[in-house]
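The next block is entry.txt, given as compact mmCIF, C-alpha atoms and all ligand atoms.
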# COMPACT_ATOMS: atom_id res chain seq x y z
CA MET A 1 0.00 0.00 0.00
CA ILE A 2 1.43 3.35 -0.95
CA LYS A 3 1.65 5.99 1.74
CA ILE A 4 0.26 9.14 0.25
CA GLY A 5 -1.52 12.32 1.28
CA SER A 6 -1.36 16.04 0.89
CA HIS A 7 -0.95 19.13 2.95
CA VAL A 8 -4.23 19.94 4.66
CA SER A 9 -5.36 22.91 6.71
CA MET A 10 -5.63 23.08 10.46
CA ASN A 11 -8.03 25.96 10.90
CA GLY A 12 -11.71 26.13 11.54
CA SER A 13 -13.07 25.03 14.88
CA ASP A 14 -11.93 21.42 14.53
CA TYR A 15 -8.18 22.08 14.15
CA LEU A 16 -6.23 18.79 14.10
CA LEU A 17 -9.47 16.78 13.98
CA GLY A 18 -10.44 18.82 10.93
CA SER A 19 -7.06 18.07 9.34
CA VAL A 20 -7.65 14.34 9.78
CA LYS A 21 -11.15 14.62 8.32
CA GLU A 22 -9.82 16.56 5.34
CA ALA A 23 -7.07 13.97 4.77
CA LEU A 24 -9.62 11.15 4.93
CA SER A 25 -11.83 12.95 2.41
CA TYR A 26 -8.97 12.57 -0.10
CA ASN A 27 -8.45 8.89 0.85
CA SER A 28 -5.04 9.80 2.30
CA ASN A 29 -3.17 7.66 4.78
CA THR A 30 -0.71 10.44 5.71
CA PHE A 31 -0.95 14.24 5.73
CA MET A 32 0.99 17.41 6.38
CA ILE A 33 -0.03 20.45 8.41
CA TYR A 34 1.32 23.81 9.44
CA THR A 35 0.77 24.32 13.16
CA GLY A 36 -0.65 27.75 12.26
CA ALA A 37 -0.45 30.18 9.36
CA PRO A 38 2.79 29.52 7.44
CA GLN A 39 3.53 33.24 7.13
CA ASN A 40 3.15 34.28 10.77
CA THR A 41 3.95 33.15 14.30
CA ARG A 42 0.53 33.39 15.93
CA ARG A 43 -0.45 29.99 17.27
CA GLN A 44 -3.60 28.59 18.87
CA SER A 45 -3.16 27.10 22.35
CA LEU A 46 -2.58 23.36 22.37
CA ASP A 47 -5.67 22.49 24.41
CA LYS A 48 -7.87 23.88 21.63
CA LEU A 49 -6.41 21.72 18.86
CA LYS A 50 -8.59 18.58 19.45
CA ILE A 51 -5.52 16.39 19.48
CA LYS A 52 -7.13 13.54 21.39
CA GLU A 53 -10.19 13.43 19.11
CA ALA A 54 -7.93 13.55 16.05
CA HIS A 55 -5.92 10.57 17.30
CA GLU A 56 -9.08 8.60 18.01
CA LEU A 57 -10.27 9.13 14.46
CA MET A 58 -6.84 8.24 13.05
CA LYS A 59 -6.90 5.01 15.02
CA GLN A 60 -10.34 4.10 13.69
CA ARG A 61 -9.35 4.87 10.14
CA ASN A 62 -5.85 3.36 10.19
CA ILE A 63 -3.71 6.45 9.92
CA ASN A 64 -0.51 5.97 11.87
CA PRO A 65 0.32 9.12 13.91
CA ASP A 66 3.97 8.58 12.95
CA ASP A 67 2.90 9.51 9.42
CA ILE A 68 1.73 12.99 10.39
CA VAL A 69 4.16 15.53 8.95
CA VAL A 70 4.41 19.08 10.26
CA HIS A 71 5.87 21.92 8.21
CA ALA A 72 7.61 24.86 9.88
CA PRO A 73 6.51 28.33 8.70
CA TYR A 74 8.50 29.88 5.83
CA ILE A 75 9.25 33.01 7.81
CA ILE A 76 11.73 31.10 9.95
CA ASN A 77 15.18 31.92 8.57
CA LEU A 78 17.92 30.49 10.74
CA ALA A 79 20.47 32.15 8.41
CA ASN A 80 19.13 35.68 8.91
CA LYS A 81 21.75 38.44 8.77
CA ASN A 82 20.48 40.03 11.96
CA PRO A 83 21.56 38.10 15.11
CA GLU A 84 18.38 39.03 16.98
CA LYS A 85 16.25 37.73 14.14
CA ARG A 86 18.32 34.54 14.07
CA GLN A 87 17.67 34.11 17.76
CA PHE A 88 13.97 34.74 17.21
CA ALA A 89 13.95 32.10 14.44
CA ALA A 90 15.63 29.54 16.72
CA ASP A 91 13.23 30.32 19.57
CA PHE A 92 10.20 30.04 17.33
CA LEU A 93 11.42 26.81 15.76
CA THR A 94 11.92 25.45 19.29
CA GLU A 95 8.24 26.16 20.00
CA GLU A 96 7.24 24.53 16.72
CA VAL A 97 9.20 21.37 17.53
CA LYS A 98 7.45 21.25 20.92
CA ARG A 99 4.07 21.66 19.21
CA THR A 100 4.97 18.90 16.76
CA ASP A 101 5.69 16.66 19.73
CA ALA A 102 2.44 17.64 21.47
CA ILE A 103 0.47 16.88 18.31
CA GLY A 104 1.99 13.40 18.35
CA ALA A 105 3.95 13.77 15.09
CA LYS A 106 7.51 12.67 14.58
CA GLN A 107 8.90 15.17 12.10
CA ILE A 108 8.84 18.81 11.14
CA VAL A 109 9.94 19.93 7.68
CA LEU A 110 12.17 23.00 7.57
CA HIS A 111 13.44 25.15 4.72
CA PRO A 112 17.07 25.39 5.84
CA GLY A 113 17.27 29.14 5.26
CA ALA A 114 18.31 31.92 2.91
CA HIS A 115 21.77 33.42 3.24
CA VAL A 116 20.61 36.81 1.92
CA ARG A 117 23.88 37.62 0.15
CA GLN A 118 26.07 36.69 3.10
CA GLY A 119 27.26 33.70 1.04
CA VAL A 120 26.59 30.00 1.46
CA GLU A 121 29.45 29.54 3.96
CA LEU A 122 28.06 31.97 6.49
CA GLY A 123 24.53 30.80 5.74
CA ILE A 124 25.42 27.22 6.64
CA LYS A 125 27.27 28.37 9.76
CA HIS A 126 24.20 30.27 11.01
CA ILE A 127 21.86 27.40 10.17
CA VAL A 128 24.03 24.93 12.07
CA GLU A 129 24.16 27.24 15.10
CA GLY A 130 20.40 27.70 15.02
CA LEU A 131 19.72 23.99 14.71
CA ASN A 132 22.09 23.24 17.58
CA LYS A 133 20.11 25.63 19.79
CA VAL A 134 16.77 24.14 18.78
CA ILE A 135 17.98 20.56 19.27
CA GLU A 136 19.47 21.45 22.66
CA ASN A 137 16.21 23.18 23.70
CA THR A 138 14.21 20.08 22.79
CA LYS A 139 16.62 17.35 23.82
CA ASP A 140 13.93 15.23 25.47
CA SER A 141 12.01 15.05 22.22
CA ASP A 142 12.42 12.48 19.47
CA VAL A 143 10.95 14.77 16.81
CA SER A 144 13.28 15.05 13.86
CA ILE A 145 13.82 18.15 11.79
CA ALA A 146 13.57 17.28 8.09
CA LEU A 147 15.69 19.66 6.02
CA GLU A 148 13.98 20.21 2.69
CA THR A 149 15.84 20.01 -0.61
CA MET A 150 15.41 23.50 -2.06
CA ALA A 151 14.98 24.76 -5.63
CA GLY A 152 17.74 27.35 -5.25
CA LYS A 153 15.46 30.33 -5.66
CA GLY A 154 17.11 33.58 -4.52
CA THR A 155 19.74 32.79 -1.91
CA GLU A 156 18.19 29.56 -0.58
CA VAL A 157 20.61 27.21 1.13
CA GLY A 158 20.01 23.49 0.53
CA ARG A 159 19.88 23.46 -3.24
CA THR A 160 22.51 20.74 -3.41
CA PHE A 161 22.83 17.51 -1.46
CA GLU A 162 26.34 18.66 -0.50
CA GLU A 163 24.94 21.74 1.27
CA LEU A 164 22.46 19.63 3.23
CA LYS A 165 25.25 17.21 4.11
CA ARG A 166 27.36 20.04 5.50
CA ILE A 167 24.49 21.12 7.73
CA ILE A 168 23.95 17.55 8.95
CA ASP A 169 27.67 17.12 9.62
CA GLY A 170 27.85 20.47 11.38
CA VAL A 171 25.33 19.80 14.14
CA VAL A 172 26.14 18.14 17.44
CA HIS A 173 23.21 15.72 17.18
CA PRO A 174 22.84 14.73 13.51
CA GLU A 175 20.52 11.90 14.57
CA ARG A 176 17.82 14.56 15.00
CA LEU A 177 18.05 15.60 11.34
CA THR A 178 16.44 13.95 8.34
CA VAL A 179 15.70 15.13 4.79
CA CYS A 180 12.49 16.03 2.97
CA PHE A 181 12.98 15.27 -0.73
CA ASP A 182 10.85 17.58 -2.89
CA THR A 183 10.51 16.41 -6.50
CA CYS A 184 9.80 19.91 -7.88
CA HIS A 185 12.66 21.46 -5.96
CA THR A 186 15.30 18.88 -6.90
CA HIS A 187 14.20 19.15 -10.56
CA ASP A 188 14.34 22.94 -10.42
CA ALA A 189 17.74 22.69 -8.74
CA GLY A 190 19.06 20.74 -11.73
CA TYR A 191 18.77 17.10 -10.62
CA LYS A 192 17.35 14.59 -13.12
CA THR A 193 14.41 13.65 -10.91
CA LYS A 194 12.31 13.07 -14.02
CA GLU A 195 14.85 11.44 -16.32
CA ASP A 196 16.84 9.36 -13.84
CA PHE A 197 15.37 9.21 -10.33
CA ASP A 198 17.47 6.15 -9.46
CA GLY A 199 20.63 8.01 -10.49
CA VAL A 200 19.63 10.99 -8.34
CA ILE A 201 18.96 8.71 -5.38
CA GLU A 202 22.31 7.01 -5.93
CA GLU A 203 23.99 10.39 -5.74
CA PHE A 204 21.93 11.29 -2.66
CA ASP A 205 22.91 8.00 -1.09
CA ARG A 206 26.59 8.58 -1.75
CA ILE A 207 26.52 12.09 -0.26
CA ILE A 208 23.93 11.91 2.54
CA GLY A 209 22.62 8.34 2.75
CA LYS A 210 19.16 7.56 1.44
CA ASP A 211 17.93 6.35 4.81
CA ARG A 212 17.94 10.02 5.90
CA ILE A 213 14.91 10.65 3.71
CA SER A 214 11.89 10.79 6.02
CA VAL A 215 9.31 12.39 3.72
CA PHE A 216 8.80 13.21 0.03
CA HIS A 217 7.03 16.23 -1.34
CA ILE A 218 5.46 15.14 -4.61
CA ASN A 219 4.94 18.05 -6.97
CA ASP A 220 5.13 18.57 -10.69
CA SER A 221 7.06 21.69 -11.75
CA LYS A 222 6.01 24.57 -13.99
CA ASN A 223 9.62 25.08 -15.04
CA ILE A 224 12.37 23.27 -16.88
CA ILE A 225 15.14 21.38 -15.11
CA GLY A 226 17.64 23.71 -13.45
CA ALA A 227 15.33 26.74 -13.57
CA SER A 228 15.78 27.50 -9.82
CA LYS A 229 12.19 28.67 -9.66
CA ASP A 230 10.08 26.60 -7.25
CA ARG A 231 6.64 26.80 -8.83
CA HIS A 232 4.59 23.69 -8.19
CA GLU A 233 2.21 22.27 -10.78
CA ASN A 234 -0.55 19.63 -10.81
CA LEU A 235 0.35 16.09 -11.83
CA GLY A 236 1.03 15.79 -15.52
CA TYR A 237 0.55 19.51 -16.20
CA GLY A 238 4.20 20.33 -15.60
CA GLN A 239 7.69 19.44 -16.75
CA ILE A 240 8.16 16.29 -14.64
CA GLY A 241 5.00 14.46 -15.60
CA PHE A 242 2.82 11.78 -14.06
CA ASP A 243 4.91 8.71 -14.92
CA ALA A 244 8.10 10.05 -13.36
CA LEU A 245 6.23 11.18 -10.25
CA ARG A 246 4.44 7.86 -9.87
CA TYR A 247 7.80 6.13 -10.21
CA VAL A 248 8.88 8.00 -7.06
CA VAL A 249 5.60 7.34 -5.23
CA ILE A 250 5.71 3.56 -5.75
CA HIS A 251 9.51 3.17 -5.43
CA GLU A 252 10.26 0.08 -3.37
CA ASP A 253 13.07 1.72 -1.39
CA PHE A 254 10.63 4.20 0.09
CA THR A 255 7.34 2.36 0.63
CA HIS A 256 7.31 3.24 4.35
CA ILE A 257 8.03 6.94 3.73
CA PRO A 258 5.12 9.45 3.58
CA LYS A 259 4.59 11.14 0.19
CA ILE A 260 2.91 14.52 0.47
CA LEU A 261 1.33 16.45 -2.39
CA GLU A 262 1.75 20.22 -2.39
CA THR A 263 0.29 20.76 -5.85
CA PRO A 264 -1.75 23.92 -6.43
CA HIS A 265 -5.48 24.19 -5.91
CA ILE A 266 -7.52 24.33 -9.08
CA THR A 267 -8.95 27.70 -9.92
CA LYS A 268 -12.33 28.29 -11.34
CA THR A 269 -13.60 31.75 -12.13
CA ASP A 270 -17.38 32.16 -12.22
CA GLU A 271 -18.69 35.58 -13.13
CA THR A 272 -16.62 37.72 -10.79
CA LYS A 273 -15.54 35.21 -8.16
CA LYS A 274 -12.42 33.10 -8.31
CA ARG A 275 -12.81 29.80 -6.47
CA LEU A 276 -10.22 27.24 -5.51
CA TYR A 277 -10.67 23.46 -5.34
CA PRO A 278 -8.23 20.94 -3.91
CA PRO A 279 -6.97 18.41 -6.51
CA TYR A 280 -5.79 15.85 -3.97
CA LYS A 281 -8.56 13.27 -4.06
CA GLU A 282 -8.16 12.90 -7.83
CA GLU A 283 -4.34 13.06 -7.77
CA ILE A 284 -4.13 10.42 -5.04
CA GLU A 285 -6.55 8.18 -6.89
CA MET A 286 -4.43 8.39 -10.05
CA PHE A 287 -1.31 7.44 -8.10
CA ARG A 288 -3.09 4.48 -6.54
CA SER A 289 -4.61 3.21 -9.77
CA GLY A 290 -1.71 4.12 -12.04
CA ILE A 291 -4.19 5.49 -14.55
CA TYR A 292 -3.67 9.10 -15.49
CA ASN A 293 -6.62 11.21 -16.53
CA PRO A 294 -5.31 14.17 -18.55
CA LYS A 295 -8.62 15.96 -18.06
CA PHE A 296 -8.83 15.70 -14.29
CA ARG A 297 -8.63 19.44 -13.72
CA ASP A 298 -11.48 20.07 -16.14
CA ASN A 299 -13.48 17.34 -14.44
CA ILE A 300 -12.99 18.95 -11.04
CA ARG A 301 -14.22 22.26 -12.46
CA LYS A 302 -17.22 20.55 -14.05
CA GLN A 303 -18.21 18.76 -10.85
CA GLN A 304 -18.49 22.17 -9.21
CA GLN A 305 -21.07 23.54 -11.63
FE FE B 1 8.47 23.24 1.94
FE FE B 2 8.03 21.14 -0.49
ZN ZN B 3 8.23 24.43 -3.19
Would you mind writing the file out in structure tokens?
Amino acid sequence: MIKIGSHVSMNGSDYLLGSVKEALSYNSNTFMIYTGAPQNTRRQSLDKLKIKEAHELMKQRNINPDDIVVHAPYIINLANKNPEKRQFAADFLTEEVKRTDAIGAKQIVLHPGAHVRQGVELGIKHIVEGLNKVIENTKDSDVSIALETMAGKGTEVGRTFEELKRIIDGVVHPERLTVCFDTCHTHDAGYKTKEDFDGVIEEFDRIIGKDRISVFHINDSKNIIGASKDRHENLGYGQIGFDALRYVVIHEDFTHIPKILETPHITKTDETKKRLYPPYKEEIEMFRSGIYNPKFRDNIRKQQQ
């Protein structure tokens, strides 16, 4: 059985319980959440999140809590130029790791950081220092921080496997770090994720070790290989394509690893209003069946008439 889901929201009055319900509505057996809005640091108190109810429902419906993935907000930049902002980022990430633990999840995905023209060297140094603080602050926790492979947009650190390896080697407790492999990002960074996934994994294995991969982000890409853009696309509508993505999803080396879709919602403009519909139920179904429907976006729009 493939382990696949999507990112889901955790707002509304049901919070984590609502996330589980949303995941189940797509026939997912894993899912990813932000503990609050990805672009700010306001967070709801833990006792409001319906954690217990969510776990009861997961148990009934056979979702393993170990397969819940949390994503840290993008505003966290451990490589910030300003030391106070770096400290703030480390403090906030500490809180997010604690929330991940309280939710009962085992990993939190992190964009390593952006060096903002300080250069990769200094960027990596700051990221390592920040991670050491966070790991030290949460030393009783077994939550791992999954460094995401980045597209290399702007001054993002983590575009190459070598950069991620240097971060992992730099921290005092590398056993707390894993990797989130994003298919769109590695493709945009110049890796042949589409043409030669096994070759890319071989390279990853040589540099980092493929058993570090704890989650995949499965996204098609709007851009050509090496474009350094990071613009996700729906399955088969982008440059990677359905077959190459399904190859990753069903790969026998990673059957136990959660695969999370972060493909864009489908837009439909009626009269003056623009509406958005999640594509995940259809995308997951196509991965499970292996049958690609090139008209699935049109079908989703039609169903909404
Ligand atoms: Fe991400
Ligand atoms: Fe991603
Ligand atoms: Zn992305």
Extract, using all atoms listed in the file, all DNA, RNA and protein residues at most 8 Å from Phe197 in chain A, discarding same-chain residues fewer than 4 positions from it, and format them as a count of residues only.
5
Atom-to-atom span, CA of Pro258 in chain A and CA of Phe216 in chain A, Å:
6.3 Å
Would you list the contacts of range 280-297 of chain A as a ChimeraX atom specification, taking every protein, DNA or RNA residue within 12 Å and counting all atoms listed in the file, but skipping same-chain residues closer than 3 positions in sequence?
/A:1-8,22-31,218-220,233-238,241-251,259-268,276-277,300-304
7 Å from ligand ZN 3 (chain B) is the threshold here; counting only C-alpha atoms and all ligand atoms, which polymer residues fall inside it? Answer as a VMD selection string.
chain A and resid 184 to 185 230 to 232
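Nearest to ligand FE 2 (chain B) of all the residues A:Asp198, A:Asp205, A:Asp211, A:Asp182 is A:Asp182, based on only C-alpha atoms and all ligand atoms.
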So which one's closest to ligand FE 2 (chain B), A:Ala105, A:Ile207, A:Ala72, A:Ile63? Using only C-alpha atoms and all ligand atoms, please.
A:Ala72
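Near Phe92 in chain A, within a cut-off of 12 Å and counting all atoms listed in the file, sit the residues A:Thr35, A:Asn40, A:Thr41, A:Arg42, A:Arg43, A:Ala72, A:Pro73, A:Tyr74, A:Ile75, A:Ile76, A:Asn77, A:Leu78, A:Lys85, A:Arg86, A:Gln87, A:Phe88, A:Ala89, A:Glu95, A:Glu96, A:Val97, A:Lys98, A:Arg99, A:Gly130, A:Leu131, A:Lys133, A:Val134, A:Asn137, with same-chain residues fewer than 3 positions away left out.
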Would you export the selected residues with C-alpha atoms as a PDB file, keeping the file's coordinate frame, please?
ATOM      1  CA  THR A  35       0.770  24.320  13.160  1.00  0.00           C
ATOM      2  CA  ASN A  40       3.150  34.280  10.770  1.00  0.00           C
ATOM      3  CA  THR A  41       3.950  33.150  14.300  1.00  0.00           C
ATOM      4  CA  ARG A  42       0.530  33.390  15.930  1.00  0.00           C
ATOM      5  CA  ARG A  43      -0.450  29.990  17.270  1.00  0.00           C
ATOM      6  CA  ALA A  72       7.610  24.860   9.880  1.00  0.00           C
ATOM      7  CA  PRO A  73       6.510  28.330   8.700  1.00  0.00           C
ATOM      8  CA  TYR A  74       8.500  29.880   5.830  1.00  0.00           C
ATOM      9  CA  ILE A  75       9.250  33.010   7.810  1.00  0.00           C
ATOM     10  CA  ILE A  76      11.730  31.100   9.950  1.00  0.00           C
ATOM     11  CA  ASN A  77      15.180  31.920   8.570  1.00  0.00           C
ATOM     12  CA  LEU A  78      17.920  30.490  10.740  1.00  0.00           C
ATOM     13  CA  LYS A  85      16.250  37.730  14.140  1.00  0.00           C
ATOM     14  CA  ARG A  86      18.320  34.540  14.070  1.00  0.00           C
ATOM     15  CA  GLN A  87      17.670  34.110  17.760  1.00  0.00           C
ATOM     16  CA  PHE A  88      13.970  34.740  17.210  1.00  0.00           C
ATOM     17  CA  ALA A  89      13.950  32.100  14.440  1.00  0.00           C
ATOM     18  CA  GLU A  95       8.240  26.160  20.000  1.00  0.00           C
ATOM     19  CA  GLU A  96       7.240  24.530  16.720  1.00  0.00           C
ATOM     20  CA  VAL A  97       9.200  21.370  17.530  1.00  0.00           C
ATOM     21  CA  LYS A  98       7.450  21.250  20.920  1.00  0.00           C
ATOM     22  CA  ARG A  99       4.070  21.660  19.210  1.00  0.00           C
ATOM     23  CA  GLY A 130      20.400  27.700  15.020  1.00  0.00           C
ATOM     24  CA  LEU A 131      19.720  23.990  14.710  1.00  0.00           C
ATOM     25  CA  LYS A 133      20.110  25.630  19.790  1.00  0.00           C
ATOM     26  CA  VAL A 134      16.770  24.140  18.780  1.00  0.00           C
ATOM     27  CA  ASN A 137      16.210  23.180  23.700  1.00  0.00           C
TER      28      ASN A 137
END
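CA of Pro65 in chain A is found 6.4 Å from CA of Gly104 in chain A.
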